[in-house]
Structure formats: C-alpha cells, structure tokens
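Text of the file start-v4.cif, holding mmCIF, C-alpha atoms:
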data_input
#
loop_
_atom_site.group_PDB
_atom_site.id
_atom_site.type_symbol
_atom_site.label_atom_id
_atom_site.label_comp_id
_atom_site.auth_asym_id
_atom_site.auth_seq_id
_atom_site.Cartn_x
_atom_site.Cartn_y
_atom_site.Cartn_z
ATOM 1 C CA MET A 1 0.000 0.000 0.000
ATOM 2 C CA LYS A 2 2.805 2.374 0.905
ATOM 3 C CA ARG A 3 4.556 1.684 -2.447
ATOM 4 C CA ALA A 4 1.376 2.397 -4.391
ATOM 5 C CA LEU A 5 0.907 5.690 -2.567
ATOM 6 C CA ILE A 6 4.515 6.741 -3.245
ATOM 7 C CA ALA A 7 4.161 5.790 -6.928
ATOM 8 C CA LEU A 8 0.907 7.756 -7.185
ATOM 9 C CA LEU A 9 2.456 10.847 -5.568
ATOM 10 C CA ALA A 10 5.484 10.622 -7.886
ATOM 11 C CA GLY A 11 3.176 10.379 -10.910
ATOM 12 C CA VAL A 12 1.188 13.403 -9.783
ATOM 13 C CA ALA A 13 4.393 15.393 -9.229
ATOM 14 C CA VAL A 14 5.750 14.528 -12.710
ATOM 15 C CA PHE A 15 2.421 15.278 -14.411
ATOM 16 C CA GLY A 16 2.090 18.579 -12.520
ATOM 17 C CA SER A 17 5.563 19.760 -13.481
ATOM 18 C CA VAL A 18 5.084 18.846 -17.165
ATOM 19 C CA PHE A 19 1.683 20.564 -17.230
ATOM 20 C CA ALA A 20 3.142 23.702 -15.582
ATOM 21 C CA PHE A 21 6.002 23.777 -18.098
ATOM 22 C CA ALA A 22 3.613 23.449 -21.075
ATOM 23 C CA ALA A 23 1.379 26.214 -19.725
ATOM 24 C CA ALA A 24 4.366 28.572 -19.542
ATOM 25 C CA LEU A 25 5.127 28.332 -23.297
ATOM 26 C CA ASN A 26 4.073 31.264 -25.506
ATOM 27 C CA VAL A 27 3.402 31.589 -29.240
ATOM 28 C CA THR A 28 4.709 34.738 -30.896
ATOM 29 C CA SER A 29 4.733 33.817 -34.603
ATOM 30 C CA ASP A 30 2.444 32.605 -37.393
ATOM 31 C CA THR A 31 4.022 29.154 -37.441
ATOM 32 C CA LEU A 32 2.752 26.131 -35.541
ATOM 33 C CA ALA A 33 4.210 25.920 -32.033
ATOM 34 C CA ALA A 34 3.380 24.939 -28.477
ATOM 35 C CA GLY A 35 1.268 27.334 -26.477
ATOM 36 C CA ASP A 36 -2.295 28.471 -26.127
ATOM 37 C CA THR A 37 -2.703 30.671 -29.208
ATOM 38 C CA SER A 38 -5.147 29.388 -31.803
ATOM 39 C CA VAL A 39 -3.711 28.709 -35.282
ATOM 40 C CA ASP A 40 -6.145 28.408 -38.194
ATOM 41 C CA ALA A 41 -5.589 25.464 -40.478
ATOM 42 C CA CYS A 42 -6.072 26.665 -44.041
ATOM 43 C CA SER A 43 -7.603 23.434 -45.346
ATOM 44 C CA ASP A 44 -10.099 23.166 -42.468
ATOM 45 C CA ALA A 45 -11.226 26.781 -42.749
ATOM 46 C CA ALA A 46 -11.628 26.824 -46.552
ATOM 47 C CA ASP A 47 -15.038 27.277 -48.171
ATOM 48 C CA THR A 48 -15.802 25.632 -51.512
ATOM 49 C CA SER A 49 -18.401 25.949 -54.211
ATOM 50 C CA TYR A 50 -18.635 24.706 -57.765
ATOM 51 C CA THR A 51 -20.211 25.796 -61.016
ATOM 52 C CA THR A 52 -22.108 23.498 -63.327
ATOM 53 C CA SER A 53 -23.392 23.467 -66.874
ATOM 54 C CA TRP A 54 -25.913 21.276 -68.680
ATOM 55 C CA ASP A 55 -24.410 18.417 -70.671
ATOM 56 C CA ARG A 56 -26.841 17.296 -73.401
ATOM 57 C CA ASP A 57 -24.931 14.076 -74.065
ATOM 58 C CA SER A 58 -25.171 12.772 -70.489
ATOM 59 C CA GLY A 59 -28.444 14.485 -69.618
ATOM 60 C CA HIS A 60 -26.940 15.817 -66.370
ATOM 61 C CA PHE A 61 -25.272 18.922 -65.031
ATOM 62 C CA GLY A 62 -21.500 18.636 -65.232
ATOM 63 C CA VAL A 63 -19.026 20.231 -62.822
ATOM 64 C CA ASP A 64 -16.950 22.905 -64.599
ATOM 65 C CA GLU A 65 -15.004 24.693 -61.853
ATOM 66 C CA VAL A 66 -14.417 24.555 -58.106
ATOM 67 C CA THR A 67 -13.891 27.813 -56.218
ATOM 68 C CA VAL A 68 -11.901 27.744 -52.980
ATOM 69 C CA GLU A 69 -11.944 30.637 -50.492
ATOM 70 C CA ALA A 70 -9.499 30.377 -47.586
ATOM 71 C CA PRO A 71 -8.460 32.670 -44.722
ATOM 72 C CA GLU A 72 -6.321 35.653 -45.776
ATOM 73 C CA ALA A 73 -3.243 34.168 -44.098
ATOM 74 C CA CYS A 74 -3.329 31.364 -46.695
ATOM 75 C CA ALA A 75 -2.795 33.675 -49.700
ATOM 76 C CA HIS A 76 -0.328 32.446 -52.337
ATOM 77 C CA MET A 77 -0.365 28.870 -51.017
ATOM 78 C CA THR A 78 -0.879 25.779 -53.180
ATOM 79 C CA VAL A 79 -4.395 24.321 -53.203
ATOM 80 C CA GLN A 80 -5.584 20.891 -54.338
ATOM 81 C CA VAL A 81 -9.187 19.704 -54.515
ATOM 82 C CA ALA A 82 -10.674 16.268 -55.023
ATOM 83 C CA LEU A 83 -14.305 15.621 -55.925
ATOM 84 C CA LEU A 84 -15.468 12.389 -54.289
ATOM 85 C CA ASP A 85 -18.462 10.128 -54.788
ATOM 86 C CA ASP A 86 -20.588 8.467 -52.099
ATOM 87 C CA ASP A 87 -18.082 5.609 -51.683
ATOM 88 C CA GLY A 88 -15.124 7.993 -51.281
ATOM 89 C CA GLY A 89 -13.894 7.324 -54.811
ATOM 90 C CA THR A 90 -12.165 10.176 -56.611
ATOM 91 C CA LEU A 91 -14.190 11.571 -59.511
ATOM 92 C CA ALA A 92 -11.783 14.403 -60.395
ATOM 93 C CA THR A 93 -8.886 16.423 -59.050
ATOM 94 C CA ALA A 94 -7.543 19.904 -59.715
ATOM 95 C CA ASP A 95 -4.798 22.078 -58.293
ATOM 96 C CA GLY A 96 -3.575 25.644 -58.404
ATOM 97 C CA THR A 97 -2.445 28.564 -56.261
ATOM 98 C CA LEU A 98 -4.509 30.826 -54.042
ATOM 99 C CA ASP A 99 -4.350 34.472 -55.136
ATOM 100 C CA ALA A 100 -3.644 37.521 -52.954
ATOM 101 C CA ASP A 101 -7.213 37.318 -51.595
ATOM 102 C CA ALA A 102 -6.699 33.603 -50.745
ATOM 103 C CA GLU A 103 -9.117 32.506 -53.466
ATOM 104 C CA ALA A 104 -8.737 30.189 -56.434
ATOM 105 C CA THR A 105 -11.019 28.948 -59.190
ATOM 106 C CA LEU A 106 -9.875 25.563 -60.446
ATOM 107 C CA GLU A 107 -11.017 24.059 -63.742
ATOM 108 C CA ILE A 108 -12.329 20.490 -63.649
ATOM 109 C CA VAL A 109 -11.065 18.778 -66.800
ATOM 110 C CA GLU A 110 -12.723 15.389 -66.246
ATOM 111 C CA ASP A 111 -16.386 14.834 -67.147
ATOM 112 C CA VAL A 112 -18.112 14.716 -63.760
ATOM 113 C CA ASP A 113 -21.865 14.623 -63.213
ATOM 114 C CA ALA A 114 -22.725 17.055 -60.420
ATOM 115 C CA VAL A 115 -25.211 14.562 -58.979
ATOM 116 C CA ASP A 116 -22.323 12.167 -58.260
ATOM 117 C CA VAL A 117 -20.324 14.692 -56.179
ATOM 118 C CA VAL A 118 -20.909 14.014 -52.484
ATOM 119 C CA HIS A 119 -17.715 15.416 -50.923
ATOM 120 C CA ILE A 120 -15.065 17.973 -51.859
ATOM 121 C CA HIS A 121 -11.724 17.517 -50.146
ATOM 122 C CA VAL A 122 -9.362 20.496 -49.975
ATOM 123 C CA LEU A 123 -5.638 20.451 -49.218
ATOM 124 C CA ILE A 124 -3.806 23.760 -48.838
ATOM 125 C CA THR A 125 -0.042 23.666 -48.392
ATOM 126 C CA GLY A 126 2.717 26.179 -48.409
#
As structure tokens, please, write out the structure in this file.
Amino acid sequence: MKRALIALLAGVAVFGSVFAFAAALNVTSDTLAAGDTSVDACSDAADTSYTTSWDRDSGHFGVDEVTVEAPEACAHMTVQVALLDDDGGTLATADGTLDADAEATLEIVEDVDAVDVVHIHVLITG
C-alpha cells in the first residue's frame, strides 16, 4: 500500500511539473508551435463551391469549376481539390495557387456529373 501511494504521488508530481512547463510556453509567430494561441488550419477553414453546366450528351449537369476561399493568411499557397463520390472514390482532381485574396477557381477537366459529387476535399499547403 505504501509503495502504491509513493508511486501515485510521484506520478502526480511529474504530471504537474510537465503541465506547468507546457502552460508557460508562448506563441509569438504565425508558425505552428506549443502554447495556447489558436492557429487556423487553411484546409479546415476553406469554403468551396462549384459551377455546373448542362451536358446534353449525359443528360446531367457537369461540374466545370471549383472555387476555394481560404483565410487571408493562406494567400499564395498551393491548393488541391478532389471531388469524391458516395463511396469515397475520386471523380476528379484539380490544383492551383490561391491568389492575394486567398481565393482560387480551379477548372475540372474530367467529365463529372454534379449529382455524383458528395464530398469535396481540400488540401492547402505552403
């Protein structure tokens, strides 16, 4: 019993000192670091929309372009999008660079029926 109590107290002391050390760290830059300042992830904060046009051959609306709008801090970064179906299969991909306003309009080259698009995945790097 005495050993268990000593082990428990030692564990609490180690955890407390590590927690106190982590709480003392500060973030003073735009890069990812330890601390308590929130850092926006560009991919998670991006908004997407897409334009369509009627395709007489298929009898469906086809996806022409995907527009990505990200936080201003993401300007000039590389962006990739993937249009996915209900099973998670990739229907089309496109990539480009966000402009000074952190926006990009990416052309979809593949023939994709808009009705098949269930998810749009965005990856912003840079």
Between atom CA of Asp85 of chain A and atom CA of Ala114 of chain A lies a distance of 9.9 Å
Between A:Gly62, A:Pro71, A:Gly96, A:Gly89, smallest distance to Ile120 of chain A by all atoms listed in the file belongs to A:Gly89
What separates atom CA of Asp87 of chain A and atom CA of Ala46 of chain A is a distance of 22.8 Å
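Among the candidate residues A:Val79, A:Ala104, A:Asp111, A:Glu69, the one lying nearest to Ala92 of chain A is A:Asp111, with distances computed using only C-alpha atoms.
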Next item on the list: Extract, using all atoms listed in the file, all DNA, RNA and protein residues at most 12 Å from Ala100 of chain A, discarding same-chain residues fewer than 3 positions from it, and format them as a PyMOL selection string.
Entry: chain A and resi 69-77+97+103-104
| request: Enter the distance from atom CA of Leu98 of chain A to atom CA of His119 of chain A, in Å, rounded to one decimal. | output: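 Distance reported for this atom pair: 20.5 Å.
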Might I get the box with edges along x, y and z of the file that holds all atoms of segment 96-99 of chain A listed there, padded by 4 Å on every side, given as centre and edge lengths in Å to one decimal, as AutoDock Vina command-line options?
--center_x -3.5 --center_y 30.1 --center_z -56.2 --size_x 10.1 --size_y 16.8 --size_z 12.4
- Message: So that I can check the surroundings of Asp95 of chain A, please list as a PyMOL selection string every protein, DNA and RNA residue that reaches within 7 Å of it, counting only C-alpha atoms and ignoring chain neighbours fewer than 6 positions away.
- Response: chain A and resi 79-81+106
**Message:** With the PyMOL selection byres ((chain A and resi 43) around 6) as the selection, what would be picked from this file? Answer as a PyMOL selection string, please.
**Reply:** chain A and resi 41-42+44-46+122-124
### Query
Can you list, as a ChimeraX atom specification, every protein, DNA or RNA residue that comes within 9 Å of Ser53 of chain A when you count only C-alpha atoms, leaving out same-chain residues fewer than 4 positions away?
/A:60-64
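If all atoms listed in the file are the atoms counted, then among A:Thr93, A:Leu83, A:Thr48, A:Asp55 the closest residue to Asp116 of chain A is A:Leu83.
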